[in-house]
$ cat target13.txt   # compact mmCIF, N, CA and C atoms
# COMPACT_ATOMS: atom_id res chain seq x y z
N MET A 83 28.22 160.12 127.71
CA MET A 83 29.27 161.11 127.81
C MET A 83 30.61 160.40 127.66
N ASN A 84 31.46 160.94 126.82
CA ASN A 84 32.80 160.37 126.67
C ASN A 84 33.82 161.25 127.41
N LYS A 85 35.08 160.87 127.33
CA LYS A 85 36.12 161.56 128.08
C LYS A 85 36.26 163.03 127.69
N SER A 86 36.22 163.34 126.41
CA SER A 86 36.38 164.73 125.98
C SER A 86 35.20 165.59 126.44
N GLU A 87 34.00 165.03 126.44
CA GLU A 87 32.84 165.77 126.95
C GLU A 87 32.96 166.00 128.45
N LEU A 88 33.48 165.00 129.17
CA LEU A 88 33.70 165.15 130.61
C LEU A 88 34.74 166.23 130.89
N ILE A 89 35.81 166.25 130.13
CA ILE A 89 36.84 167.28 130.28
C ILE A 89 36.24 168.66 130.05
N GLU A 90 35.40 168.80 129.05
CA GLU A 90 34.75 170.08 128.75
C GLU A 90 33.87 170.53 129.92
N LYS A 91 33.11 169.60 130.50
CA LYS A 91 32.25 169.94 131.64
C LYS A 91 33.07 170.33 132.86
N ILE A 92 34.16 169.61 133.11
CA ILE A 92 35.04 169.95 134.24
C ILE A 92 35.60 171.34 134.05
N ALA A 93 36.07 171.64 132.85
CA ALA A 93 36.64 172.96 132.56
C ALA A 93 35.61 174.06 132.77
N ASP A 94 34.38 173.84 132.31
CA ASP A 94 33.32 174.85 132.46
C ASP A 94 32.95 175.07 133.93
N HIS A 95 32.78 173.97 134.68
CA HIS A 95 32.38 174.08 136.09
C HIS A 95 33.48 174.68 136.97
N ALA A 96 34.73 174.34 136.67
CA ALA A 96 35.84 174.80 137.50
C ALA A 96 36.42 176.13 137.03
N GLY A 97 36.04 176.57 135.82
CA GLY A 97 36.57 177.82 135.29
C GLY A 97 38.03 177.73 134.94
N ILE A 98 38.45 176.57 134.43
CA ILE A 98 39.85 176.38 134.02
C ILE A 98 39.88 175.99 132.55
N SER A 99 41.07 175.95 131.99
CA SER A 99 41.20 175.58 130.58
C SER A 99 40.94 174.09 130.39
N ARG A 100 40.63 173.73 129.15
CA ARG A 100 40.39 172.31 128.85
C ARG A 100 41.66 171.49 129.03
N VAL A 101 42.79 172.09 128.74
CA VAL A 101 44.07 171.39 128.91
C VAL A 101 44.29 171.08 130.38
N ALA A 102 44.05 172.06 131.25
CA ALA A 102 44.22 171.85 132.69
C ALA A 102 43.23 170.83 133.20
N ALA A 103 41.99 170.88 132.72
CA ALA A 103 40.98 169.91 133.14
C ALA A 103 41.36 168.51 132.68
N GLY A 104 41.88 168.38 131.47
CA GLY A 104 42.31 167.08 130.95
C GLY A 104 43.46 166.52 131.76
N THR A 105 44.41 167.38 132.12
CA THR A 105 45.54 166.96 132.94
C THR A 105 45.08 166.51 134.32
N ALA A 106 44.15 167.27 134.90
CA ALA A 106 43.62 166.92 136.22
C ALA A 106 42.87 165.60 136.18
N LEU A 107 42.07 165.39 135.14
CA LEU A 107 41.32 164.14 135.01
C LEU A 107 42.27 162.96 134.82
N ASP A 108 43.27 163.11 133.97
CA ASP A 108 44.25 162.04 133.74
C ASP A 108 44.99 161.70 135.03
N ALA A 109 45.38 162.72 135.80
CA ALA A 109 46.08 162.49 137.07
C ALA A 109 45.18 161.78 138.07
N THR A 110 43.91 162.16 138.10
CA THR A 110 42.95 161.53 139.01
C THR A 110 42.77 160.06 138.66
N LEU A 111 42.59 159.78 137.39
CA LEU A 111 42.39 158.39 136.96
C LEU A 111 43.63 157.55 137.19
N GLU A 112 44.81 158.13 136.99
CA GLU A 112 46.06 157.41 137.22
C GLU A 112 46.22 157.09 138.71
N ALA A 113 45.92 158.05 139.58
CA ALA A 113 46.01 157.82 141.03
C ALA A 113 45.03 156.75 141.46
N LEU A 114 43.83 156.77 140.90
CA LEU A 114 42.82 155.76 141.20
C LEU A 114 43.30 154.38 140.77
N LYS A 115 43.85 154.30 139.56
CA LYS A 115 44.35 153.02 139.04
C LYS A 115 45.49 152.47 139.90
N GLU A 116 46.41 153.34 140.31
CA GLU A 116 47.54 152.91 141.13
C GLU A 116 47.06 152.41 142.49
N ALA A 117 46.10 153.09 143.09
CA ALA A 117 45.58 152.67 144.39
C ALA A 117 44.88 151.31 144.28
N LEU A 118 44.08 151.12 143.25
CA LEU A 118 43.40 149.84 143.07
C LEU A 118 44.39 148.72 142.78
N LYS A 119 45.43 149.03 142.01
CA LYS A 119 46.46 148.04 141.70
C LYS A 119 47.16 147.59 142.97
N ALA A 120 47.32 148.50 143.93
CA ALA A 120 47.94 148.18 145.21
C ALA A 120 46.97 147.49 146.17
N GLY A 121 45.72 147.32 145.74
CA GLY A 121 44.74 146.64 146.58
C GLY A 121 44.01 147.54 147.56
N GLU A 122 44.20 148.85 147.42
CA GLU A 122 43.56 149.80 148.32
C GLU A 122 42.13 150.10 147.86
N GLN A 123 41.30 150.53 148.81
CA GLN A 123 39.96 150.99 148.49
C GLN A 123 40.00 152.51 148.42
N VAL A 124 39.33 153.07 147.41
CA VAL A 124 39.27 154.52 147.24
C VAL A 124 37.83 154.95 147.47
N THR A 125 37.62 155.81 148.48
CA THR A 125 36.28 156.27 148.82
C THR A 125 36.17 157.76 148.57
N LEU A 126 35.17 158.15 147.78
CA LEU A 126 34.86 159.55 147.54
C LEU A 126 33.51 159.80 148.21
N VAL A 127 33.54 160.46 149.36
CA VAL A 127 32.34 160.67 150.16
C VAL A 127 31.28 161.37 149.33
N GLY A 128 30.08 160.82 149.32
CA GLY A 128 28.98 161.38 148.56
C GLY A 128 28.90 160.87 147.14
N PHE A 129 29.95 160.20 146.68
CA PHE A 129 29.96 159.68 145.31
C PHE A 129 29.94 158.16 145.32
N GLY A 130 30.94 157.55 145.96
CA GLY A 130 30.98 156.10 146.03
C GLY A 130 32.37 155.59 146.35
N SER A 131 32.51 154.27 146.28
CA SER A 131 33.78 153.62 146.60
C SER A 131 34.23 152.72 145.46
N PHE A 132 35.51 152.76 145.19
CA PHE A 132 36.13 151.86 144.23
C PHE A 132 36.92 150.85 145.05
N LEU A 133 36.78 149.57 144.74
CA LEU A 133 37.49 148.54 145.48
C LEU A 133 37.87 147.41 144.55
N VAL A 134 38.74 146.53 145.03
CA VAL A 134 39.20 145.39 144.25
C VAL A 134 38.63 144.14 144.88
N SER A 135 38.02 143.31 144.06
CA SER A 135 37.44 142.05 144.51
C SER A 135 38.26 140.91 143.93
N THR A 136 38.41 139.84 144.70
CA THR A 136 39.17 138.68 144.24
C THR A 136 38.20 137.56 143.85
N ARG A 137 38.41 137.03 142.67
CA ARG A 137 37.62 135.89 142.21
C ARG A 137 38.48 134.63 142.34
N GLU A 138 37.95 133.61 142.94
CA GLU A 138 38.67 132.35 143.10
C GLU A 138 38.73 131.62 141.75
N ALA A 139 39.69 130.71 141.63
CA ALA A 139 39.75 129.87 140.44
C ALA A 139 38.51 128.97 140.44
N ARG A 140 38.01 128.68 139.25
CA ARG A 140 36.79 127.87 139.17
C ARG A 140 36.76 127.10 137.86
N LYS A 141 35.87 126.13 137.81
CA LYS A 141 35.69 125.35 136.59
C LYS A 141 34.67 126.05 135.71
N GLY A 142 34.92 126.03 134.42
CA GLY A 142 34.00 126.61 133.46
C GLY A 142 33.83 125.65 132.30
N ARG A 143 33.06 126.07 131.32
CA ARG A 143 32.82 125.20 130.17
C ARG A 143 32.96 126.02 128.90
N ASN A 144 33.71 125.49 127.96
CA ASN A 144 33.86 126.12 126.65
C ASN A 144 32.52 125.95 125.92
N PRO A 145 31.83 127.06 125.60
CA PRO A 145 30.52 126.92 124.97
C PRO A 145 30.56 126.33 123.56
N ALA A 146 31.68 126.46 122.89
CA ALA A 146 31.78 125.94 121.53
C ALA A 146 31.95 124.41 121.52
N THR A 147 32.77 123.89 122.43
CA THR A 147 33.07 122.45 122.42
C THR A 147 32.41 121.71 123.57
N GLY A 148 32.00 122.42 124.61
CA GLY A 148 31.43 121.76 125.79
C GLY A 148 32.50 121.21 126.71
N GLN A 149 33.77 121.42 126.36
CA GLN A 149 34.88 120.91 127.16
C GLN A 149 35.01 121.71 128.45
N GLU A 150 35.27 121.03 129.55
CA GLU A 150 35.44 121.69 130.84
C GLU A 150 36.84 122.30 130.90
N ILE A 151 36.93 123.55 131.38
CA ILE A 151 38.22 124.24 131.49
C ILE A 151 38.34 124.86 132.87
N MET A 152 39.56 125.16 133.26
CA MET A 152 39.79 125.86 134.54
C MET A 152 39.95 127.34 134.25
N ILE A 153 39.21 128.16 134.98
CA ILE A 153 39.32 129.62 134.86
C ILE A 153 40.19 130.07 136.01
N ALA A 154 41.26 130.78 135.71
CA ALA A 154 42.23 131.19 136.73
C ALA A 154 41.64 132.22 137.69
N ALA A 155 42.20 132.29 138.88
CA ALA A 155 41.81 133.31 139.85
C ALA A 155 42.19 134.67 139.30
N SER A 156 41.42 135.69 139.65
CA SER A 156 41.71 137.03 139.15
C SER A 156 41.22 138.09 140.13
N ARG A 157 41.70 139.30 139.94
CA ARG A 157 41.23 140.45 140.71
C ARG A 157 40.49 141.36 139.76
N THR A 158 39.38 141.92 140.23
CA THR A 158 38.58 142.78 139.36
C THR A 158 38.14 144.03 140.11
N PRO A 159 38.16 145.18 139.45
CA PRO A 159 37.71 146.41 140.12
C PRO A 159 36.19 146.45 140.20
N LYS A 160 35.69 147.02 141.29
CA LYS A 160 34.25 147.20 141.47
C LYS A 160 33.98 148.62 141.95
N PHE A 161 32.77 149.08 141.68
CA PHE A 161 32.34 150.40 142.14
C PHE A 161 31.04 150.23 142.91
N LYS A 162 30.99 150.85 144.08
CA LYS A 162 29.78 150.82 144.90
C LYS A 162 29.32 152.27 145.06
N ALA A 163 28.16 152.59 144.50
CA ALA A 163 27.65 153.97 144.55
C ALA A 163 27.28 154.37 145.97
N GLY A 164 27.58 155.63 146.30
CA GLY A 164 27.23 156.18 147.60
C GLY A 164 25.78 156.65 147.63
N LYS A 165 25.29 156.93 148.83
CA LYS A 165 23.89 157.33 149.00
C LYS A 165 23.57 158.61 148.24
N ALA A 166 24.44 159.60 148.30
CA ALA A 166 24.17 160.87 147.61
C ALA A 166 24.06 160.67 146.11
N LEU A 167 24.89 159.81 145.53
CA LEU A 167 24.83 159.54 144.10
C LEU A 167 23.54 158.78 143.76
N LYS A 168 23.19 157.82 144.58
CA LYS A 168 21.93 157.08 144.35
C LYS A 168 20.74 158.01 144.40
N ASP A 169 20.74 158.91 145.39
CA ASP A 169 19.63 159.86 145.53
C ASP A 169 19.57 160.82 144.33
N ALA A 170 20.73 161.26 143.85
CA ALA A 170 20.76 162.18 142.72
C ALA A 170 20.23 161.52 141.44
N VAL A 171 20.51 160.24 141.27
CA VAL A 171 20.05 159.52 140.09
C VAL A 171 18.55 159.27 140.16
N ASN A 172 18.07 158.99 141.35
CA ASN A 172 16.63 158.73 141.52
C ASN A 172 15.95 160.03 141.74
$ encode --input "target13.txt" --output "structure tokens"
Amino acid sequence: MNKSELIEKIADHAGISRVAAGTALDATLEALKEALKAGEQVTLVGFGSFLVSTREARKGRNPATGQEIMIAASRTPKFKAGKALKDAVN
């Protein structure tokens, strides 16, 4: 499913126009992105949690040359599925 198909499903389930569903989805994703950027955890009960994980700097190896390189520390978003979502999938 891509974004336009998701917008169509939201519009059908909520009984709203596709434009309104698209605006609502964009606003939701933007709020989620801003919260994660601020380091906050976003929990949707019954669906799951979005959180930010920190990766420490570490040594790596360039596969082409075999040369050892330093990989910088970074933050990465993660998703942890909730019980209701796991049960629905299984």
$ closest_residue --input "target13.txt" --among "A:Arg100, A:Lys162, A:Asn172, A:Ile153" --to "Glu138 of chain A" --atoms "only N, CA and C atoms"
A:Ile153
$ residues_near_point --input "target13.txt" --point "(37.5, 138.2, 142.8)" --cutoff "7 Å" --atoms "only N, CA and C atoms" --output "NGL selection string"
:A and (134-138 or 155-158)
$ atom_distance --input "target13.txt" --atom1 "atom CA of Gly142 of chain A" --atom2 "atom CA of Ala120 of chain A"
28.2 Å
$ select_by_dssp --input "target13.txt" --residues "segment 108-157 of chain A" --states "strand (DSSP E)" --output "ChimeraX atom specification"
/A:124-126,130-137,140-143,150-153,156-157
$ residues_near_point --input "target13.txt" --point "(29.8, 165.3, 132.5)" --cutoff "12 Å" --atoms "only C-alpha atoms" --output "list of chain:residue names"
A:Met83, A:Asn84, A:Lys85, A:Ser86, A:Glu87, A:Leu88, A:Ile89, A:Glu90, A:Lys91, A:Ile92, A:Ala93, A:Asp94, A:His95, A:Leu107
$ atom_distance --input "target13.txt" --atom1 "atom CA of Ser131 of chain A" --atom2 "atom N of Ser99 of chain A"
27.7 Å
$ atom_distance --input "target13.txt" --atom1 "atom C of Glu116 of chain A" --atom2 "atom CA of Gly130 of chain A"
16.9 Å
$ select_by_dssp --input "target13.txt" --residues "chain A" --states "alpha helix (DSSP H)" --output "number ranges by chain"
A: 85-96, 100-119, 165-171
